[in-house]
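Here's target_33.cif, which has mmCIF, C-alpha atoms (C1' of nucleotides):
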```cif
data_input
#
loop_
_atom_site.label_atom_id
_atom_site.label_comp_id
_atom_site.auth_asym_id
_atom_site.auth_seq_id
_atom_site.Cartn_x
_atom_site.Cartn_y
_atom_site.Cartn_z
CA MET A 226 -13.55 -15.85 -1.29
CA LEU A 227 -14.16 -12.12 -0.96
CA GLU A 228 -15.78 -12.58 2.39
CA ASP A 229 -12.60 -12.88 4.38
CA LEU A 230 -11.17 -9.40 4.15
CA ASP A 231 -9.20 -7.88 6.97
CA PRO A 232 -10.18 -4.27 7.66
CA SER A 233 -7.36 -3.93 10.17
CA SER A 234 -4.74 -4.90 7.62
CA PRO A 235 -2.43 -2.20 6.31
CA VAL A 236 -3.37 -3.44 2.86
CA PRO A 237 -6.41 -1.42 1.72
CA LEU A 238 -9.67 -3.29 1.37
CA TYR A 239 -9.96 -2.56 -2.32
CA VAL A 240 -6.45 -3.92 -2.90
CA GLN A 241 -7.30 -7.10 -1.02
CA ILE A 242 -10.28 -7.52 -3.33
CA VAL A 243 -8.16 -6.89 -6.42
CA GLU A 244 -5.62 -9.49 -5.33
CA GLN A 245 -8.27 -12.14 -4.80
CA VAL A 246 -9.83 -11.47 -8.19
CA ARG A 247 -6.43 -11.52 -9.87
CA ARG A 248 -5.82 -14.91 -8.35
CA LEU A 249 -9.17 -16.24 -9.53
CA VAL A 250 -8.49 -15.02 -13.05
CA ALA A 251 -4.99 -16.47 -13.08
CA LEU A 252 -6.41 -19.80 -11.94
CA GLY A 253 -9.03 -19.74 -14.63
CA ALA A 254 -11.92 -19.69 -12.17
CA LEU A 255 -13.06 -16.48 -13.81
CA ARG A 256 -12.82 -16.43 -17.57
CA PRO A 257 -13.22 -13.81 -20.29
CA GLY A 258 -16.89 -13.17 -20.94
CA ASP A 259 -17.98 -14.18 -17.46
CA ARG A 260 -20.22 -11.71 -15.74
CA PHE A 261 -18.60 -10.40 -12.60
CA LEU A 262 -20.31 -9.06 -9.51
CA THR A 263 -21.89 -5.64 -9.80
CA VAL A 264 -20.53 -2.84 -7.66
CA ARG A 265 -23.35 -3.19 -5.18
CA GLU A 266 -23.25 -7.00 -5.13
CA LEU A 267 -19.54 -6.87 -4.48
CA ALA A 268 -20.09 -4.33 -1.72
CA VAL A 269 -22.58 -6.61 0.04
CA ARG A 270 -20.52 -9.74 -0.46
CA ALA A 271 -17.29 -8.19 0.77
CA ARG A 272 -19.07 -6.12 3.41
CA VAL A 273 -17.57 -2.85 2.30
CA ASN A 274 -18.95 0.48 1.24
CA ARG A 275 -20.32 0.76 -2.26
CA ASN A 276 -17.55 3.12 -3.21
CA THR A 277 -14.83 0.85 -1.94
CA ALA A 278 -16.20 -1.91 -4.16
CA ALA A 279 -16.34 0.53 -7.06
CA ARG A 280 -12.74 1.45 -6.42
CA ALA A 281 -11.69 -2.20 -6.62
CA ILE A 282 -13.51 -2.62 -9.90
CA GLN A 283 -11.96 0.55 -11.28
CA ALA A 284 -8.53 -0.74 -10.34
CA LEU A 285 -9.28 -4.03 -12.08
CA GLU A 286 -10.44 -2.12 -15.14
CA ARG A 287 -7.25 -0.05 -15.20
CA ALA A 288 -5.35 -3.33 -15.03
CA GLY A 289 -7.32 -4.49 -18.08
CA MET A 290 -8.91 -7.46 -16.39
CA VAL A 291 -12.47 -6.24 -16.31
CA ARG A 292 -14.82 -4.09 -18.35
CA ALA A 293 -17.38 -2.01 -16.50
CA ARG A 294 -20.50 -0.84 -18.29
CA VAL A 295 -23.09 1.50 -16.86
CA GLY A 296 -26.46 -0.17 -16.65
CA ARG A 297 -25.05 -3.54 -17.71
CA GLY A 298 -22.57 -4.65 -15.12
CA THR A 299 -18.93 -5.68 -15.17
CA PHE A 300 -17.42 -8.50 -17.17
CA ILE A 301 -14.17 -10.39 -17.19
CA VAL A 302 -11.96 -9.48 -20.11
CA ASP A 303 -9.01 -11.17 -21.74
CA GLY A 304 -6.55 -8.63 -20.40
CA ALA A 305 -3.57 -10.40 -21.89
CA ALA A 306 -4.90 -9.82 -25.39
CA GLY A 307 -4.71 -6.06 -25.08
CA ILE A 308 -1.09 -5.96 -23.98
CA GLU A 309 1.59 -5.56 -26.59
CA ALA A 310 4.28 -8.18 -26.63
CA SER A 311 7.13 -5.93 -25.56
CA ARG A 312 5.25 -4.66 -22.55
CA ARG A 313 4.25 -8.17 -21.58
CA GLN A 314 7.87 -9.22 -21.78
CA ALA A 315 8.93 -6.33 -19.61
CA LEU A 316 6.30 -7.05 -16.98
CA LEU A 317 7.20 -10.72 -16.84
CA ASP A 318 10.87 -9.88 -16.61
CA ALA A 319 10.21 -7.51 -13.72
CA ALA A 320 8.20 -10.20 -11.94
CA LEU A 321 11.03 -12.68 -12.42
CA GLU A 322 13.53 -10.17 -11.11
CA ARG A 323 11.45 -9.58 -7.99
CA LEU A 324 11.38 -13.32 -7.37
CA LEU A 325 15.12 -13.73 -7.80
CA ILE A 326 15.90 -10.81 -5.50
CA GLU A 327 13.58 -12.21 -2.87
CA ALA A 328 15.11 -15.65 -3.18
CA GLY A 329 18.59 -14.16 -3.18
CA THR A 330 18.11 -12.21 0.02
CA LEU A 331 16.59 -15.31 1.60
CA GLY A 332 19.72 -17.21 0.72
CA VAL A 333 17.90 -19.85 -1.28
CA PRO A 334 20.35 -22.01 -3.26
CA VAL A 335 19.81 -22.08 -6.99
CA GLY A 336 19.09 -25.78 -7.07
CA GLU A 337 16.41 -25.50 -4.43
CA LEU A 338 14.89 -22.52 -6.19
CA ARG A 339 14.62 -24.52 -9.42
CA ARG A 340 12.96 -27.39 -7.60
CA ARG A 341 10.51 -25.21 -5.71
CA PHE A 342 9.63 -23.29 -8.86
CA SER A 343 8.92 -26.47 -10.77
CA ARG A 344 6.87 -27.93 -7.94
CA LYS A 345 4.85 -24.76 -7.46
CA LEU A 346 4.18 -24.50 -11.16
CA ASP A 347 2.88 -28.06 -11.25
CA ALA A 348 0.61 -27.40 -8.29
CA PHE A 349 -0.66 -24.26 -9.95
CA GLN A 350 -1.50 -26.08 -13.16
CA LYS A 351 -3.25 -28.82 -11.24
CA GLU A 352 -5.37 -26.31 -9.37
CA ARG A 353 -6.11 -24.56 -12.61
CA ALA A 354 -7.29 -27.78 -14.24
CA ARG A 355 -9.48 -28.57 -11.25
CA ARG A 356 -11.15 -25.18 -11.35
CA ALA A 357 -11.63 -25.14 -15.08
CA ARG A 358 -13.43 -28.48 -15.34
CA PRO A 359 -16.82 -27.62 -13.78
CA LEU A 360 -16.88 -24.61 -16.08
CA SER A 361 -18.82 -22.62 -13.51
CA ASP A 362 -17.51 -23.93 -10.27
CA GLU A 363 -17.25 -20.55 -8.62
CA GLU A 364 -20.09 -19.03 -10.58
CA ASN A 365 -22.77 -21.45 -9.42
CA ARG A 366 -22.04 -20.76 -5.82
CA ARG A 367 -23.37 -17.23 -6.08
CA MET B 203 23.14 3.40 -7.97
CA LEU B 204 21.38 5.36 -5.23
CA GLU B 205 21.77 8.58 -7.15
CA ASP B 206 18.86 8.04 -9.50
CA LEU B 207 15.89 8.30 -7.20
CA ASP B 208 12.61 9.75 -8.35
CA PRO B 209 11.08 12.14 -5.80
CA SER B 210 7.92 12.43 -7.89
CA SER B 211 7.33 8.69 -7.83
CA PRO B 212 4.50 7.36 -5.71
CA VAL B 213 7.06 4.98 -4.26
CA PRO B 214 8.58 6.65 -1.18
CA LEU B 215 12.21 7.63 -1.42
CA TYR B 216 13.25 5.42 1.44
CA VAL B 217 11.55 2.44 -0.22
CA GLN B 218 13.38 3.13 -3.45
CA ILE B 219 16.63 3.08 -1.50
CA VAL B 220 15.69 -0.16 0.23
CA GLU B 221 14.91 -1.82 -3.08
CA GLN B 222 18.22 -0.85 -4.60
CA VAL B 223 20.14 -2.12 -1.60
CA ARG B 224 18.16 -5.37 -1.59
CA ARG B 225 19.15 -5.85 -5.19
CA LEU B 226 22.83 -5.24 -4.45
CA VAL B 227 22.75 -7.72 -1.60
CA ALA B 228 20.96 -10.35 -3.66
CA LEU B 229 23.57 -9.90 -6.39
CA GLY B 230 26.38 -10.29 -3.91
CA ALA B 231 27.72 -6.79 -4.55
CA LEU B 232 27.28 -6.12 -0.87
CA ARG B 233 28.27 -8.97 1.41
CA PRO B 234 27.99 -9.73 5.11
CA GLY B 235 30.62 -7.81 7.04
CA ASP B 236 30.87 -5.02 4.48
CA ARG B 237 30.57 -1.55 5.88
CA PHE B 238 27.59 0.25 4.45
CA LEU B 239 27.12 3.99 4.03
CA THR B 240 26.48 5.99 7.17
CA VAL B 241 23.16 7.73 7.53
CA ARG B 242 24.65 11.07 6.55
CA GLU B 243 26.73 9.64 3.70
CA LEU B 244 23.65 7.96 2.32
CA ALA B 245 21.71 11.21 2.67
CA VAL B 246 24.29 13.10 0.62
CA ARG B 247 24.64 10.37 -1.98
CA ALA B 248 20.92 9.93 -2.51
CA ARG B 249 20.21 13.63 -2.07
CA VAL B 250 17.63 13.12 0.61
CA ASN B 251 17.13 14.38 4.12
CA ARG B 252 19.18 12.80 6.85
CA ASN B 253 16.08 11.31 8.39
CA THR B 254 14.90 9.80 5.14
CA ALA B 255 18.23 8.02 4.85
CA ALA B 256 17.92 6.90 8.46
CA ARG B 257 14.47 5.58 7.71
CA ALA B 258 15.78 3.49 4.83
CA ILE B 259 18.49 2.03 7.03
CA GLN B 260 15.98 1.28 9.78
CA ALA B 261 13.80 -0.53 7.26
CA LEU B 262 16.80 -2.55 6.11
CA GLU B 263 17.59 -3.36 9.72
CA ARG B 264 14.03 -4.54 10.35
CA ALA B 265 14.40 -6.73 7.28
CA GLY B 266 17.50 -8.21 8.86
CA MET B 267 19.85 -7.13 6.10
CA VAL B 268 21.83 -4.54 8.00
CA ARG B 269 23.04 -3.83 11.51
CA ALA B 270 23.21 -0.22 12.64
CA ARG B 271 25.50 0.75 15.50
CA VAL B 272 25.64 4.16 17.11
CA GLY B 273 29.06 5.70 16.74
CA ARG B 274 30.29 2.90 14.48
CA GLY B 275 28.17 2.86 11.36
CA THR B 276 26.01 0.29 9.60
CA PHE B 277 27.14 -3.07 8.33
CA ILE B 278 25.76 -5.69 5.98
CA VAL B 279 24.51 -8.77 7.79
CA ASP B 280 23.73 -12.31 6.69
CA GLY B 281 19.99 -11.83 7.01
CA ALA B 282 19.18 -15.29 5.73
CA ALA B 283 20.94 -16.86 8.71
CA GLY B 284 18.49 -15.41 11.19
CA ILE B 285 15.38 -16.70 9.49
CA GLU B 286 13.92 -19.99 10.57
CA ALA B 287 13.41 -22.57 7.86
CA SER B 288 9.62 -22.65 7.98
CA ARG B 289 9.37 -18.91 7.62
CA ARG B 290 11.84 -18.90 4.78
CA GLN B 291 9.80 -21.57 3.03
CA ALA B 292 6.63 -19.55 3.47
CA LEU B 293 8.21 -16.37 2.13
CA LEU B 294 9.62 -18.15 -0.89
CA ASP B 295 6.29 -19.81 -1.55
CA ALA B 296 4.50 -16.47 -1.42
CA ALA B 297 7.03 -15.00 -3.84
CA LEU B 298 6.52 -17.90 -6.22
CA GLU B 299 2.76 -17.50 -6.00
CA ARG B 300 3.01 -13.80 -6.84
CA LEU B 301 5.06 -14.68 -9.90
CA LEU B 302 2.63 -17.32 -11.10
CA ILE B 303 -0.37 -15.05 -10.65
CA GLU B 304 1.38 -12.29 -12.56
CA ALA B 305 2.35 -14.67 -15.34
CA GLY B 306 -1.15 -16.15 -15.35
CA THR B 307 -2.90 -12.83 -15.77
CA LEU B 308 -0.43 -11.92 -18.50
CA GLY B 309 -1.42 -15.09 -20.30
CA VAL B 310 2.10 -16.47 -20.41
CA PRO B 311 2.12 -20.12 -21.51
CA VAL B 312 3.73 -22.54 -19.09
CA GLY B 313 6.45 -23.53 -21.50
CA GLU B 314 7.48 -19.95 -22.09
CA LEU B 315 7.43 -19.25 -18.37
CA ARG B 316 9.79 -22.16 -17.76
CA ARG B 317 12.16 -20.93 -20.43
CA ARG B 318 12.14 -17.32 -19.25
CA PHE B 319 12.66 -18.40 -15.66
CA SER B 320 15.63 -20.52 -16.58
CA ARG B 321 17.14 -17.81 -18.74
CA LYS B 322 16.66 -15.13 -16.11
CA LEU B 323 18.16 -17.32 -13.45
CA ASP B 324 21.23 -17.92 -15.58
CA ALA B 325 21.61 -14.21 -16.24
CA PHE B 326 21.26 -13.51 -12.55
CA GLN B 327 23.96 -15.99 -11.64
CA LYS B 328 26.26 -14.61 -14.28
CA GLU B 329 25.79 -11.07 -12.99
CA ARG B 330 26.37 -12.33 -9.50
CA ALA B 331 29.63 -13.96 -10.48
CA ARG B 332 30.76 -10.82 -12.27
CA ARG B 333 30.09 -8.65 -9.24
CA ALA B 334 31.66 -11.06 -6.78
CA ARG B 335 35.01 -11.35 -8.51
CA PRO B 336 36.47 -7.86 -7.94
CA LEU B 337 35.53 -8.33 -4.28
CA SER B 338 34.90 -4.62 -3.91
CA ASP B 339 33.66 -3.57 -7.28
CA GLU B 340 31.00 -1.28 -5.94
CA GLU B 341 32.90 -0.39 -2.81
CA ASN B 342 35.89 1.13 -4.55
CA ARG B 343 33.75 3.51 -6.48
CA ARG B 344 32.83 5.43 -3.36
"C1'" DT C 99 -42.75 6.00 -21.10
"C1'" DA C 100 -41.85 4.69 -16.21
"C1'" DT C 101 -38.98 2.17 -13.14
"C1'" DA C 102 -35.19 -0.22 -11.50
"C1'" DT C 103 -30.44 -1.19 -11.98
"C1'" DT C 104 -26.05 -0.10 -13.37
"C1'" DG C 105 -21.44 2.49 -12.95
"C1'" DT C 106 -19.60 7.19 -11.93
"C1'" DC C 107 -18.67 11.67 -9.88
"C1'" DC C 108 -18.30 15.02 -5.92
"C1'" DT C 109 -17.28 15.95 -1.45
"C1'" DA C 110 -15.60 15.34 3.14
"C1'" DG C 111 -13.56 13.45 7.27
"C1'" DG C 112 -10.35 10.69 9.42
"C1'" DA C 113 -6.12 8.38 9.45
"C1'" DC C 114 -1.69 7.57 8.05
"C1'" DA C 115 2.74 8.18 5.58
"C1'" DT C 116 6.46 10.93 4.20
"C1'" DT C 117 9.72 14.22 4.70
"C1'" DA C 118 12.19 17.50 7.32
"C1'" DG C 119 14.73 20.16 11.12
"C1'" DG C 120 16.42 20.23 15.69
"C1'" DA C 121 18.29 18.07 19.62
"C1'" DC C 122 20.12 14.16 22.02
"C1'" DA C 123 22.96 9.86 23.36
"C1'" DG C 124 26.59 6.51 22.36
"C1'" DC C 125 31.29 5.47 20.33
"C1'" DC C 126 36.04 6.51 18.73
"C1'" DG C 127 40.61 8.68 17.96
"C1'" DC C 128 43.44 12.45 19.37
"C1'" DG D 75 38.77 14.45 28.55
"C1'" DC D 76 37.43 16.64 23.97
"C1'" DG D 77 35.82 17.05 19.52
"C1'" DG D 78 34.13 14.81 15.80
"C1'" DC D 79 31.88 11.08 14.35
"C1'" DT D 80 27.87 7.78 14.67
"C1'" DG D 81 22.64 6.40 14.96
"C1'" DT D 82 18.26 7.75 17.32
"C1'" DC D 83 14.39 10.22 19.10
"C1'" DC D 84 10.95 14.11 19.19
"C1'" DT D 85 8.10 17.14 16.92
"C1'" DA D 86 5.86 19.44 13.21
"C1'" DA D 87 4.18 20.28 8.53
"C1'" DT D 88 2.58 18.56 4.52
"C1'" DG D 89 0.62 15.62 1.51
"C1'" DT D 90 -1.80 11.50 0.29
"C1'" DC D 91 -4.73 7.50 0.93
"C1'" DC D 92 -8.84 5.20 2.34
"C1'" DT D 93 -13.39 4.94 3.27
"C1'" DA D 94 -17.93 6.63 3.20
"C1'" DG D 95 -22.49 8.97 1.95
"C1'" DG D 96 -25.14 11.42 -1.30
"C1'" DA D 97 -26.43 12.53 -5.84
"C1'" DC D 98 -26.20 11.83 -10.76
"C1'" DA D 99 -26.10 9.85 -15.68
"C1'" DA D 100 -26.50 5.93 -18.63
"C1'" DT D 101 -28.61 1.58 -19.66
"C1'" DA D 102 -31.94 -2.15 -19.50
"C1'" DT D 103 -36.55 -3.79 -18.74
"C1'" DA D 104 -41.52 -3.84 -18.14
#
```
Show this structure as structure tokens.
Amino acid sequence: MLEDLDPSSPVPLYVQIVEQVRRLVALGALRPGDRFLTVRELAVRARVNRNTAARAIQALERAGMVRARVGRGTFIVDGAAGIEASRRQALLDAALERLLIEAGTLGVPVGELRRRFSRKLDAFQKERARRARPLSDEENRR
Amino acid sequence: MLEDLDPSSPVPLYVQIVEQVRRLVALGALRPGDRFLTVRELAVRARVNRNTAARAIQALERAGMVRARVGRGTFIVDGAAGIEASRRQALLDAALERLLIEAGTLGVPVGELRRRFSRKLDAFQKERARRARPLSDEENRR
DNA sequence: TATATTGTCCTAGGACATTAGGACAGCCGC
DNA sequence: GCGGCTGTCCTAATGTCCTAGGACAATATA
């Protein structure tokens, strides 16, 4: 995690970092209150320039997933708490719409889509439970 | 549709066009065999340069949703037919993962996600049925 | 108070994307 | 065959993005 970035990808390095962190947060591997990597630690770990790491953290902060404090470090935040209900609804609806359009253009039958959704959701929850149990699974590996 | 593009958006004009067309195809408003707008027609309609319109159509062609023919025009294609099963599975899985990560970071409970998914899917199917009935609902408005 | 550590700002270069105009090549109906 | 369509290619101008290095300000720690 965070080591396997692809500099030759059209996706910017800082975006690749953001996506990986988003995934870890969604899976519960990083939880509110957890200390995150500092800008310089992240730069070393991901083998990118200090400013590229800073950019990733700034993007995460704009997304409300992280709080950066000069002299202290950066910490995971409960981003969902700061979002008002109506906005959350709108964002979820947009995400659902993107999925349905993708599935629609792929010609996925409704029945199959329902099945795959249910299966994927179960797998996601299972993974989430697995990561949450050790309480510092990912943390301790640092 | 296609008239309300935002030139000041960070999203390129040709991408905005592609997204709108993708939506129409997914909803069944544009079906395989239908004649699509020509490059110049699209340029006038969307109020963009001829080449920007051409770029959008080229992107749609790369995505396998459209077939462009010199001297004849561009036509909607059954893009799903050309995709091999394994690739289709992978694309759908990636789309599902994006949704779950988005929902996860928004803190949406699993039960609510299931409900919203089901509701959205029903709405999508209903819209699809509505658009499919007139057989040329969108077409005739040109 | 020193010193180290933290995030942040400024600047710059290189690369790429976007849009646009002009010209060209293939197809069709008269 | 001719004229009007069609999509496509070439080129240029402009803007934006990405990454990077250097310096700075705020905080914690000894």
| So, counting all atoms listed in the file, which residue among C:DC107, C:DC126, C:DA118, C:DA113 is closest to DA86 of chain D? |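 Residue with the minimum atom-to-atom distance to DA86 of chain D: C:DA118.
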Under the rule of at most 10 Å, produce a per-residue listing of chain A near chain C: chain, number, name, the closest pair of atoms, and the distance in Å, as a Markdown table, using all atoms listed in the file.
```
| residue | atom | partner | partner_atom | distance |
| --- | --- | --- | --- | --- |
| A:Pro235 | CA | C:DC114 | C1' | 10.0 |
| A:Thr263 | CA | C:DT104 | C1' | 7.8 |
| A:Val264 | CA | C:DG105 | C1' | 7.6 |
| A:Arg265 | CA | C:DT104 | C1' | 9.2 |
| A:Asn276 | CA | C:DT106 | C1' | 9.8 |
| A:Ala279 | CA | C:DG105 | C1' | 8.0 |
| A:Ile282 | CA | C:DG105 | C1' | 9.9 |
| A:Gln283 | CA | C:DG105 | C1' | 9.8 |
| A:Ala293 | CA | C:DG105 | C1' | 7.0 |
| A:Arg294 | CA | C:DG105 | C1' | 6.4 |
| A:Val295 | CA | C:DG105 | C1' | 4.4 |
| A:Gly296 | CA | C:DT104 | C1' | 3.3 |
| A:Arg297 | CA | C:DT104 | C1' | 5.6 |
| A:Gly298 | CA | C:DT104 | C1' | 6.0 |
| A:Thr299 | CA | C:DG105 | C1' | 8.8 |
```
Mind dumping a table of every chain A residue within 9 Å of chain B, with the nearest atom pair and its distance in Å to one decimal, using only C-alpha atoms, sorted by chain and rising number, as CSV?
```
residue,atom,partner,partner_atom,distance
A:Arg247,CA,B:Thr307,CA,7.0
A:Arg248,CA,B:Ile303,CA,5.9
A:Leu249,CA,B:Ile303,CA,9.0
A:Val250,CA,B:Thr307,CA,6.6
A:Ala251,CA,B:Gly306,CA,4.5
A:Leu252,CA,B:Gly306,CA,7.3
A:Gly253,CA,B:Gly306,CA,8.7
A:Met290,CA,B:Thr307,CA,8.1
A:Asp303,CA,B:Gly309,CA,8.7
A:Gly304,CA,B:Leu308,CA,7.2
A:Ala305,CA,B:Leu308,CA,4.9
A:Ala306,CA,B:Gly309,CA,8.1
A:Ile308,CA,B:Leu308,CA,8.1
A:Arg313,CA,B:Leu308,CA,6.7
A:Leu316,CA,B:Glu304,CA,8.4
A:Leu317,CA,B:Ala305,CA,6.4
A:Asp318,CA,B:Lys322,CA,7.8
A:Ala320,CA,B:Leu301,CA,5.8
A:Leu321,CA,B:Phe319,CA,6.8
A:Glu322,CA,B:Lys322,CA,7.7
A:Arg323,CA,B:Ala297,CA,8.1
A:Leu324,CA,B:Ala297,CA,5.8
A:Leu325,CA,B:Leu323,CA,7.4
A:Ile326,CA,B:Ala228,CA,5.4
A:Glu327,CA,B:Ala297,CA,7.2
A:Ala328,CA,B:Leu294,CA,6.5
A:Gly329,CA,B:Ala228,CA,4.5
A:Thr330,CA,B:Ala228,CA,5.0
A:Leu331,CA,B:Ala282,CA,4.9
A:Gly332,CA,B:Ala282,CA,5.4
A:Val333,CA,B:Ala282,CA,8.5
A:Val335,CA,B:Leu323,CA,8.2
A:Leu338,CA,B:Leu294,CA,8.7
A:Arg339,CA,B:Ser320,CA,8.3
A:Arg341,CA,B:Asp295,CA,8.0
A:Phe342,CA,B:Leu298,CA,6.8
A:Ser343,CA,B:Arg316,CA,8.3
A:Lys345,CA,B:Leu298,CA,7.2
A:Leu346,CA,B:Leu302,CA,7.3
A:Phe349,CA,B:Leu302,CA,7.8
A:Gln350,CA,B:Val312,CA,8.7
```
| task | Give me, as a ChimeraX atom specification, the contact residues of chain D against chain B at a cut-off of 12 Å, counting all atoms listed in the file. | result | /D:78-83,89-91
Padding 4 Å on every side, please: axis-aligned box over the listed atoms of segment 284-302 of chain A, centre and edge lengths to one decimal in Å, as JSON.
```
{"center_x": -15.9, "center_y": -4.4, "center_z": -15.2, "size_x": 29.1, "size_y": 19.9, "size_z": 17.8}
```
